[in-house]
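Q: Here you go, this is input_34.cif (mmCIF, C-alpha atoms, pLDDT in the B column; chains and numbers go by the auth columns).
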```cif
data_run
loop_
_atom_site.group_PDB
_atom_site.id
_atom_site.type_symbol
_atom_site.label_atom_id
_atom_site.label_comp_id
_atom_site.label_asym_id
_atom_site.label_seq_id
_atom_site.Cartn_x
_atom_site.Cartn_y
_atom_site.Cartn_z
_atom_site.B_iso_or_equiv
_atom_site.auth_seq_id
_atom_site.auth_asym_id
ATOM 1 C CA MET A 1 22.285 82.430 107.685 48.00 1 A
ATOM 2 C CA LYS A 2 24.710 83.191 104.858 50.00 2 A
ATOM 3 C CA LYS A 3 25.446 86.552 106.460 50.00 3 A
ATOM 4 C CA ALA A 4 26.343 84.879 109.781 50.00 4 A
ATOM 5 C CA ILE A 5 28.717 82.430 108.033 50.00 5 A
ATOM 6 C CA ALA A 6 30.435 85.290 106.202 47.00 6 A
ATOM 7 C CA LEU A 7 30.930 87.241 109.446 48.00 7 A
ATOM 8 C CA THR A 8 32.350 84.147 111.144 50.00 8 A
ATOM 9 C CA ALA A 9 34.808 83.588 108.311 49.00 9 A
ATOM 10 C CA VAL A 10 35.991 87.208 108.471 44.00 10 A
ATOM 11 C CA PHE A 11 36.441 86.903 112.244 46.00 11 A
ATOM 12 C CA LEU A 12 38.539 83.723 111.858 48.00 12 A
ATOM 13 C CA VAL A 13 40.751 85.336 109.246 46.00 13 A
ATOM 14 C CA MET A 14 41.362 88.332 111.513 53.00 14 A
ATOM 15 C CA LEU A 15 42.105 86.045 114.452 44.00 15 A
ATOM 16 C CA LEU A 16 44.633 84.010 112.449 46.00 16 A
ATOM 17 C CA SER A 17 46.318 87.219 111.276 45.00 17 A
ATOM 18 C CA ILE A 18 46.685 88.447 114.854 42.00 18 A
ATOM 19 C CA VAL A 19 48.084 85.091 115.997 40.00 19 A
ATOM 20 C CA SER A 20 50.611 85.002 113.147 40.00 20 A
ATOM 21 C CA VAL A 21 51.797 88.530 113.966 40.00 21 A
ATOM 22 C CA PHE A 22 52.405 87.744 117.628 47.00 22 A
ATOM 23 C CA ALA A 23 53.643 84.159 117.097 65.00 23 A
ATOM 24 C CA PHE A 24 57.080 83.401 118.540 72.00 24 A
ATOM 25 C CA PRO A 25 59.702 83.146 115.736 86.00 25 A
ATOM 26 C CA THR A 26 61.286 79.766 115.205 88.00 26 A
ATOM 27 C CA SER A 27 64.611 80.958 113.760 92.00 27 A
ATOM 28 C CA GLY A 28 67.045 83.855 113.760 95.00 28 A
ATOM 29 C CA SER A 29 70.430 84.889 112.405 96.00 29 A
ATOM 30 C CA ILE A 30 73.984 85.504 113.578 97.00 30 A
ATOM 31 C CA THR A 31 76.321 88.090 112.023 97.00 31 A
ATOM 32 C CA VAL A 32 79.973 88.180 113.088 97.00 32 A
ATOM 33 C CA VAL A 33 81.746 91.431 112.182 97.00 33 A
ATOM 34 C CA MET A 34 85.540 91.200 112.101 97.00 34 A
ATOM 35 C CA ILE A 35 87.415 94.512 112.156 97.00 35 A
ATOM 36 C CA ASN A 36 91.090 94.627 113.061 96.00 36 A
ATOM 37 C CA LYS A 37 91.586 97.120 115.886 94.00 37 A
ATOM 38 C CA ALA A 38 95.199 97.778 114.877 91.00 38 A
ATOM 39 C CA ASP A 39 94.493 99.260 111.437 92.00 39 A
ATOM 40 C CA LYS A 40 90.650 99.541 111.429 94.00 40 A
ATOM 41 C CA GLN A 41 90.520 97.280 108.353 95.00 41 A
ATOM 42 C CA PRO A 42 87.976 94.430 107.855 96.00 42 A
ATOM 43 C CA LEU A 43 89.211 90.853 107.719 96.00 43 A
ATOM 44 C CA VAL A 44 88.210 89.492 104.304 97.00 44 A
ATOM 45 C CA SER A 45 87.762 85.773 103.515 96.00 45 A
ATOM 46 C CA GLN A 46 88.246 84.872 107.167 96.00 46 A
ATOM 47 C CA ASN A 47 86.522 81.641 108.271 97.00 47 A
ATOM 48 C CA VAL A 48 84.073 81.594 111.204 97.00 48 A
ATOM 49 C CA THR A 49 82.439 78.419 112.579 97.00 49 A
ATOM 50 C CA VAL A 50 79.262 78.060 114.659 98.00 50 A
ATOM 51 C CA ILE A 51 78.162 74.953 116.544 97.00 51 A
ATOM 52 C CA LYS A 52 74.775 74.662 118.257 97.00 52 A
ATOM 53 C CA VAL A 53 75.365 73.689 121.881 97.00 53 A
ATOM 54 C CA ALA A 54 71.968 74.329 123.506 96.00 54 A
ATOM 55 C CA ASP A 55 68.253 74.351 122.676 96.00 55 A
ATOM 56 C CA CYS A 56 65.951 77.267 123.348 94.00 56 A
ATOM 57 C CA LEU A 57 63.035 76.652 125.718 91.00 57 A
ATOM 58 C CA TYR A 58 60.382 79.341 125.818 86.00 58 A
ATOM 59 C CA ASN A 59 56.881 79.965 127.057 78.00 59 A
ATOM 60 C CA GLU A 60 54.684 83.003 127.429 69.00 60 A
ATOM 61 C CA THR A 61 56.792 84.497 130.216 76.00 61 A
ATOM 62 C CA ASP A 62 60.309 83.062 130.036 87.00 62 A
ATOM 63 C CA ILE A 63 63.127 82.050 127.641 90.00 63 A
ATOM 64 C CA THR A 64 65.783 79.586 128.790 93.00 64 A
ATOM 65 C CA PHE A 65 68.576 77.551 127.196 95.00 65 A
ATOM 66 C CA SER A 66 69.522 73.944 127.896 95.00 66 A
ATOM 67 C CA LEU A 67 72.573 72.022 126.641 96.00 67 A
ATOM 68 C CA ASN A 68 71.638 69.658 123.791 96.00 68 A
ATOM 69 C CA ALA A 69 72.452 65.966 123.514 95.00 69 A
ATOM 70 C CA ASP A 70 75.994 66.556 122.186 95.00 70 A
ATOM 71 C CA PHE A 71 77.019 68.510 125.280 96.00 71 A
ATOM 72 C CA SER A 72 74.577 67.321 127.963 94.00 72 A
ATOM 73 C CA ASP A 73 77.327 65.265 129.638 94.00 73 A
ATOM 74 C CA THR A 74 79.318 68.441 130.393 94.00 74 A
ATOM 75 C CA ASP A 75 78.867 70.605 133.423 91.00 75 A
ATOM 76 C CA VAL A 76 79.098 73.990 131.759 94.00 76 A
ATOM 77 C CA ASP A 77 77.260 77.140 132.747 95.00 77 A
ATOM 78 C CA LEU A 78 76.288 78.903 129.518 95.00 78 A
ATOM 79 C CA GLU A 79 76.152 82.244 131.318 91.00 79 A
ATOM 80 C CA SER A 80 79.788 81.895 132.396 94.00 80 A
ATOM 81 C CA SER A 81 82.484 83.875 130.588 92.00 81 A
ATOM 82 C CA GLU A 82 84.491 80.639 130.302 95.00 82 A
ATOM 83 C CA ALA A 83 81.675 78.600 128.714 97.00 83 A
ATOM 84 C CA ALA A 84 83.029 78.894 125.162 97.00 84 A
ATOM 85 C CA GLU A 85 86.587 77.985 126.216 96.00 85 A
ATOM 86 C CA GLN A 86 85.208 74.897 127.971 96.00 86 A
ATOM 87 C CA LEU A 87 82.921 73.731 125.164 97.00 87 A
ATOM 88 C CA LEU A 88 85.354 74.174 122.254 97.00 88 A
ATOM 89 C CA PRO A 89 87.718 71.311 123.199 96.00 89 A
ATOM 90 C CA VAL A 90 84.686 69.062 123.815 96.00 90 A
ATOM 91 C CA ALA A 91 83.374 69.784 120.311 96.00 91 A
ATOM 92 C CA LYS A 92 86.786 69.061 118.766 95.00 92 A
ATOM 93 C CA GLU A 93 87.171 65.862 120.753 95.00 93 A
ATOM 94 C CA LYS A 94 83.763 64.610 119.606 95.00 94 A
ATOM 95 C CA GLY A 95 84.393 65.654 116.002 96.00 95 A
ATOM 96 C CA ILE A 96 81.511 68.133 115.864 95.00 96 A
ATOM 97 C CA VAL A 97 82.335 70.407 112.923 90.00 97 A
ATOM 98 C CA GLY A 98 79.331 72.763 112.819 94.00 98 A
ATOM 99 C CA GLU A 99 78.991 75.216 109.921 96.00 99 A
ATOM 100 C CA THR A 100 81.719 77.490 108.537 97.00 100 A
ATOM 101 C CA VAL A 101 81.231 80.754 106.634 97.00 101 A
ATOM 102 C CA SER A 102 83.852 83.129 105.173 97.00 102 A
ATOM 103 C CA SER A 103 83.670 86.867 105.772 97.00 103 A
ATOM 104 C CA ASP A 104 82.805 89.242 102.928 97.00 104 A
ATOM 105 C CA SER A 105 84.517 92.465 101.832 96.00 105 A
ATOM 106 C CA GLU A 106 83.151 94.220 104.938 96.00 106 A
ATOM 107 C CA GLY A 107 84.486 91.566 107.284 97.00 107 A
ATOM 108 C CA LYS A 108 81.011 90.109 107.945 97.00 108 A
ATOM 109 C CA ALA A 109 80.287 86.380 108.292 97.00 109 A
ATOM 110 C CA PHE A 110 76.507 85.865 108.076 97.00 110 A
ATOM 111 C CA PHE A 111 74.628 82.787 109.337 97.00 111 A
ATOM 112 C CA ALA A 112 70.985 82.906 108.262 95.00 112 A
ATOM 113 C CA GLU A 113 68.023 80.796 109.375 92.00 113 A
ATOM 114 C CA ARG A 114 69.563 79.600 112.618 94.00 114 A
ATOM 115 C CA GLU A 115 67.383 77.439 114.848 95.00 115 A
ATOM 116 C CA LEU A 116 66.672 79.009 118.206 95.00 116 A
ATOM 117 C CA GLY A 117 69.343 78.078 120.717 95.00 117 A
ATOM 118 C CA ALA A 118 72.838 78.868 121.951 97.00 118 A
ATOM 119 C CA TYR A 119 75.802 78.648 119.569 98.00 119 A
ATOM 120 C CA LEU A 120 79.512 78.252 120.087 97.00 120 A
ATOM 121 C CA VAL A 121 81.217 80.769 117.750 98.00 121 A
ATOM 122 C CA TYR A 122 84.942 80.480 117.091 97.00 122 A
ATOM 123 C CA SER A 123 87.668 81.197 114.525 97.00 123 A
ATOM 124 C CA PRO A 124 89.466 78.100 113.165 96.00 124 A
ATOM 125 C CA ASP A 125 92.565 80.280 112.711 94.00 125 A
ATOM 126 C CA GLY A 126 92.371 81.703 116.231 94.00 126 A
ATOM 127 C CA VAL A 127 91.776 85.274 115.065 95.00 127 A
ATOM 128 C CA PHE A 128 89.469 85.960 118.033 96.00 128 A
ATOM 129 C CA SER A 129 88.510 84.237 121.274 96.00 129 A
ATOM 130 C CA PRO A 130 85.479 81.892 121.107 97.00 130 A
ATOM 131 C CA PHE A 131 82.168 83.069 122.563 97.00 131 A
ATOM 132 C CA ILE A 132 78.556 81.956 123.024 97.00 132 A
ATOM 133 C CA ALA A 133 75.834 83.539 120.865 96.00 133 A
ATOM 134 C CA PHE A 134 72.221 83.256 122.037 96.00 134 A
ATOM 135 C CA VAL A 135 69.367 83.228 119.516 95.00 135 A
ATOM 136 C CA PRO A 136 67.327 85.017 120.634 94.00 136 A
ATOM 137 C CA MET A 137 69.380 87.397 122.767 91.00 137 A
ATOM 138 C CA VAL A 138 67.227 88.514 125.679 86.00 138 A
ATOM 139 C CA THR A 139 67.693 92.188 126.548 85.00 139 A
ATOM 140 C CA GLU A 140 65.806 94.829 128.528 84.00 140 A
ATOM 141 C CA ASP A 141 64.029 95.836 125.330 83.00 141 A
ATOM 142 C CA GLY A 142 62.884 92.284 124.587 84.00 142 A
ATOM 143 C CA ALA A 143 64.149 89.339 122.536 88.00 143 A
ATOM 144 C CA CYS A 144 66.506 89.977 119.604 91.00 144 A
ATOM 145 C CA PHE A 145 66.439 87.276 116.930 94.00 145 A
ATOM 146 C CA GLU A 146 68.968 88.919 114.569 94.00 146 A
ATOM 147 C CA LEU A 147 72.167 88.875 116.588 94.00 147 A
ATOM 148 C CA THR A 148 75.236 90.914 115.540 96.00 148 A
ATOM 149 C CA ALA A 149 78.523 90.306 117.353 96.00 149 A
ATOM 150 C CA GLN A 150 81.880 92.044 116.916 96.00 150 A
ATOM 151 C CA PRO A 151 84.651 90.141 118.704 96.00 151 A
ATOM 152 C CA LYS A 152 87.827 91.884 119.782 95.00 152 A
ATOM 153 C CA ILE A 153 90.543 91.505 117.132 95.00 153 A
ATOM 154 C CA ASP A 154 93.953 93.139 117.423 92.00 154 A
ATOM 155 C CA ILE A 155 96.432 91.811 114.856 90.00 155 A
ATOM 156 C CA GLN A 156 99.705 93.699 114.981 85.00 156 A
ATOM 157 C CA GLU A 157 102.063 93.732 112.013 74.00 157 A
ATOM 158 C CA GLU A 158 104.879 91.285 112.614 68.00 158 A
ATOM 159 C CA PRO A 159 108.364 92.836 112.653 64.00 159 A
ATOM 160 C CA SER A 160 110.790 91.814 109.936 59.00 160 A
ATOM 161 C CA THR A 161 112.810 88.681 110.774 62.00 161 A
ATOM 162 C CA GLU A 162 115.646 89.504 108.345 61.00 162 A
ATOM 163 C CA PRO A 163 118.987 89.974 110.173 60.00 163 A
ATOM 164 C CA ALA A 164 120.338 93.473 110.252 55.00 164 A
ATOM 165 C CA GLU A 165 123.378 94.147 108.119 60.00 165 A
ATOM 166 C CA GLU A 166 126.617 94.116 110.096 59.00 166 A
ATOM 167 C CA PRO A 167 128.690 97.292 109.867 55.00 167 A
ATOM 168 C CA SER A 168 131.644 96.959 107.521 57.00 168 A
ATOM 169 C CA THR A 169 135.080 96.815 109.174 57.00 169 A
ATOM 170 C CA GLU A 170 136.964 97.742 106.004 59.00 170 A
ATOM 171 C CA PRO A 171 138.475 101.246 105.998 55.00 171 A
ATOM 172 C CA ALA A 172 136.669 103.730 103.882 53.00 172 A
ATOM 173 C CA GLU A 173 138.359 104.575 100.622 58.00 173 A
ATOM 174 C CA GLU A 174 139.894 108.035 100.518 56.00 174 A
ATOM 175 C CA PRO A 175 138.479 110.234 97.792 52.00 175 A
ATOM 176 C CA SER A 176 140.759 110.444 94.755 53.00 176 A
ATOM 177 C CA THR A 177 142.455 113.784 94.155 51.00 177 A
ATOM 178 C CA GLU A 178 143.202 113.031 90.495 53.00 178 A
ATOM 179 C CA PRO A 179 140.925 114.973 88.183 50.00 179 A
ATOM 180 C CA THR A 180 138.578 112.967 86.063 46.00 180 A
ATOM 181 C CA SER A 181 138.286 113.448 82.338 44.00 181 A
ATOM 182 C CA GLU A 182 135.233 115.592 82.854 45.00 182 A
ATOM 183 C CA THR A 183 137.060 117.748 85.383 41.00 183 A
ATOM 184 C CA GLU A 184 140.052 118.107 83.058 42.00 184 A
ATOM 185 C CA THR A 185 137.852 119.174 80.167 38.00 185 A
ATOM 186 C CA THR A 186 136.178 121.775 82.294 40.00 186 A
ATOM 187 C CA THR A 187 139.537 123.097 83.491 39.00 187 A
ATOM 188 C CA LYS A 188 140.856 123.448 79.948 39.00 188 A
ATOM 189 C CA LYS A 189 137.772 125.319 78.871 40.00 189 A
ATOM 190 C CA ASP A 190 138.006 127.673 81.811 42.00 190 A
ATOM 191 C CA THR A 191 141.720 128.267 81.177 38.00 191 A
ATOM 192 C CA ARG A 192 141.143 129.043 77.527 40.00 192 A
ATOM 193 C CA THR A 193 138.377 131.431 78.356 39.00 193 A
ATOM 194 C CA ASN A 194 140.491 133.243 80.901 42.00 194 A
ATOM 195 C CA THR A 195 143.413 133.525 78.423 39.00 195 A
ATOM 196 C CA ASP A 196 141.227 135.056 75.729 44.00 196 A
ATOM 197 C CA SER A 197 139.814 137.632 78.068 40.00 197 A
ATOM 198 C CA SER A 198 143.233 138.631 79.416 40.00 198 A
ATOM 199 C CA SER A 199 144.790 139.064 75.911 39.00 199 A
ATOM 200 C CA ASN A 200 142.144 141.612 74.980 42.00 200 A
ATOM 201 C CA THR A 201 142.863 143.781 77.991 41.00 201 A
ATOM 202 C CA GLY A 202 143.930 147.301 76.835 42.00 202 A
ATOM 203 C CA LYS A 203 143.614 146.445 73.141 41.00 203 A
ATOM 204 C CA GLU A 204 140.508 147.125 71.097 43.00 204 A
ATOM 205 C CA LYS A 205 139.519 144.290 68.852 42.00 205 A
ATOM 206 C CA LEU A 206 139.114 145.236 65.142 40.00 206 A
ATOM 207 C CA PRO A 207 135.650 144.809 63.718 43.00 207 A
ATOM 208 C CA GLN A 208 135.174 141.878 61.391 43.00 208 A
ATOM 209 C CA THR A 209 133.886 142.970 57.942 41.00 209 A
ATOM 210 C CA GLY A 210 133.905 139.589 56.277 43.00 210 A
ATOM 211 C CA MET A 211 136.131 140.875 53.327 45.00 211 A
ATOM 212 C CA LEU A 212 138.818 138.568 51.906 46.00 212 A
ATOM 213 C CA GLN A 213 142.481 139.782 51.910 49.00 213 A
ATOM 214 C CA TYR A 214 143.768 138.583 48.469 50.00 214 A
ATOM 215 C CA PRO A 215 141.975 141.376 46.315 58.00 215 A
ATOM 216 C CA VAL A 216 143.968 144.144 48.075 58.00 216 A
ATOM 217 C CA PRO A 217 147.213 143.890 45.912 63.00 217 A
ATOM 218 C CA ILE A 218 145.182 143.656 42.708 67.00 218 A
ATOM 219 C CA LEU A 219 143.252 146.767 43.566 65.00 219 A
ATOM 220 C CA GLY A 220 146.506 148.578 44.384 68.00 220 A
ATOM 221 C CA LEU A 221 148.069 147.590 41.028 70.00 221 A
ATOM 222 C CA CYS A 222 144.976 148.778 39.159 70.00 222 A
ATOM 223 C CA GLY A 223 145.228 152.104 40.958 72.00 223 A
ATOM 224 C CA VAL A 224 148.852 152.505 39.880 67.00 224 A
ATOM 225 C CA LEU A 225 147.995 151.715 36.260 74.00 225 A
ATOM 226 C CA VAL A 226 145.127 154.192 36.234 71.00 226 A
ATOM 227 C CA PHE A 227 147.377 156.873 37.727 67.00 227 A
ATOM 228 C CA SER A 228 150.113 156.171 35.138 71.00 228 A
ATOM 229 C CA LYS A 229 147.655 156.293 32.279 72.00 229 A
ATOM 230 C CA GLY A 230 146.308 159.564 33.495 73.00 230 A
ATOM 231 C CA PHE A 231 149.807 161.007 33.850 69.00 231 A
ATOM 232 C CA VAL A 232 150.679 159.978 30.234 72.00 232 A
ATOM 233 C CA LEU A 233 147.501 161.560 28.858 76.00 233 A
ATOM 234 C CA TYR A 234 148.214 164.732 30.778 70.00 234 A
ATOM 235 C CA ALA A 235 151.784 164.926 29.394 72.00 235 A
ATOM 236 C CA ASN A 236 150.635 164.404 25.781 75.00 236 A
ATOM 237 C CA SER A 237 148.048 167.152 26.103 71.00 237 A
ATOM 238 C CA LYS A 238 150.746 169.564 27.232 69.00 238 A
ATOM 239 C CA LYS A 239 152.935 168.759 24.238 70.00 239 A
ATOM 240 C CA GLU A 240 150.113 169.388 21.765 68.00 240 A
ATOM 241 C CA GLU A 241 149.430 172.766 23.316 65.00 241 A
ATOM 242 C CA ASN A 242 153.037 173.779 22.857 58.00 242 A
#
```
Rewrite the coordinates I just gave you, this time as structure tokens.
A:
Amino acid sequence: MKKAIALTAVFLVMLLSIVSVFAFPTSGSITVVMINKADKQPLVSQNVTVIKVADCLYNETDITFSLNADFSDTDVDLESSEAAEQLLPVAKEKGIVGETVSSDSEGKAFFAERELGAYLVYSPDGVFSPFIAFVPMVTEDGACFELTAQPKIDIQEEPSTEPAEEPSTEPAEEPSTEPTSETETTTKKDTRTNTDSSSNTGKEKLPQTGMLQYPVPILGLCGVLVFSKGFVLYANSKKEEN
């Protein structure tokens, strides 16, 4: 008996595990990636707003979307390319604000834990055109509950609005022909250099010994005295011999 109860409990646990694995999710996410086409740069700190406009109806074989109470009085086809443009003014008129998220450093605005349904996605600053995001998005490969959308963004750099400078009508000043002080100094130096070089033409310059000129007369006088002394001594020696 105890063995049968244990087997039944194991079977129930396995059955619950299988059901939980294949259970239909009740929420999803929306990621809006904003990259400027002009310069390939992400838009940082850019606001994105989502408003739920339809509920998701699903069964074992089909997934459909139906406008919720806020927009049920409108005749809008969610599959139409103009659906977002038609629903946005209705939401603003009724004061439906939705939820706003700012983009991160990669230009991504992430909305987690979104209830299943269709969402109006738009930029409060008009950076991109509004569109409808379906959670889940039904594709050929099945239902996608983590939706990633990259709207078309092409922000061109605005040209400068500063007025161009008008061409001057005043006549251009003629360049002065008077030499400046710097030019005059250069000319004097060149002239002096040329004069020195021309005065040495054909005449060898004496070597500079570094000797002063005033000892020359003294040395000459000493030479005369020595010569006189020698002459006197020579004359006296001759007299003694005689």
Q: For this file, the PyMOL selection byres ((chain A and resi 30) around 9) selects which residues, as a list of chain:residue names?
A: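 Selected by the PyMOL selection byres ((chain A and resi 30) around 9) in this file: A:Gly28, A:Ser29, A:Thr31, A:Val32, A:Ala109, A:Phe110, A:Phe111, A:Ala112, A:Glu113, A:Arg114, A:Ala133, A:Phe134, A:Val135, A:Phe145, A:Glu146, A:Leu147, A:Thr148, A:Ala149.
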Q: Find, counting only C-alpha atoms, the residue in A:Val76, A:Ala83, A:Val90, A:Ile132 that gets nearest to Thr49 in chain A.
A: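 Closest to Thr49 in chain A, using only C-alpha atoms: A:Ile132.
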Q: Which distance in Å separates CA of Thr61 in chain A and CA of Asp75 in chain A, to one decimal?
A: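 One can read the CA of Thr61 in chain A to CA of Asp75 in chain A distance as 26.3 Å.
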Q: Under the rule that all atoms listed in the file are counted, which of A:Ser72, A:Ser123, A:Glu157, A:Glu79 is the nearest residue to Ser102 in chain A?
A: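 Ranking A:Ser72, A:Ser123, A:Glu157, A:Glu79 by distance to Ser102 in chain A, first place goes to A:Ser123.
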Q: Which residues, written as a list in words, have at least one atom at most 12 Å from Gln156 in chain A, with only C-alpha atoms counted and residues fewer than 2 positions away on the same chain left out?
A: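 The contact residues come out as Asn36, Lys37, Ala38, Asp39, Lys40, Gln41, Val127, Ile153, Asp154, Glu158 and Pro159 of chain A.
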Q: Could you list, as a ChimeraX atom specification, every residue matched by the PyMOL selection byres ((chain A and resi 105) around 12) in this structure?
A: /A:33-35,41-46,102-104,106-109
Q: What is the CA of Leu57 in chain A to CA of Asp77 in chain A distance in Å?
A: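 Going from CA of Leu57 in chain A over to CA of Asp77 in chain A covers 15.9 Å.
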Q: For each of A:Cys222, A:Ile51, A:Leu87, A:Ala143, take the minimum atom-to-atom distance to Thr64 in chain A, counting only C-alpha atoms, then give the residue where this is smallest.
A: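 Counting only C-alpha atoms, the residue closest to Thr64 in chain A is A:Ala143.
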Q: When you count all atoms listed in the file, which of these residues is closest to Ser66 in chain A: A:Ile96, A:Ala91, A:Leu116, A:Val101?
A: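 Comparing A:Ile96, A:Ala91, A:Leu116, A:Val101 against Ser66 in chain A, the winner is A:Leu116.
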Q: In Å, how far is it from CA of Gln150 in chain A to CA of Gly126 in chain A?
A: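 Computed distance, CA of Gln150 in chain A to CA of Gly126 in chain A, equals 14.7 Å.
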Q: Starting from the shown file, work through the PyMOL selection byres ((chain A and resi 50) around 7) and note down what comes out as a list in words.
A: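 That expression, the PyMOL selection byres ((chain A and resi 50) around 7), corresponds here to Val48, Thr49, Ile51, Lys52, Gly98, Glu99, Thr100, Tyr119, Leu120, Val121 and Tyr122 of chain A.
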Q: Which residue, A:Asn47, A:Lys92, A:Met137, A:Phe128, has the smallest gap to Phe65 in chain A when you use only C-alpha atoms?
A: A:Met137
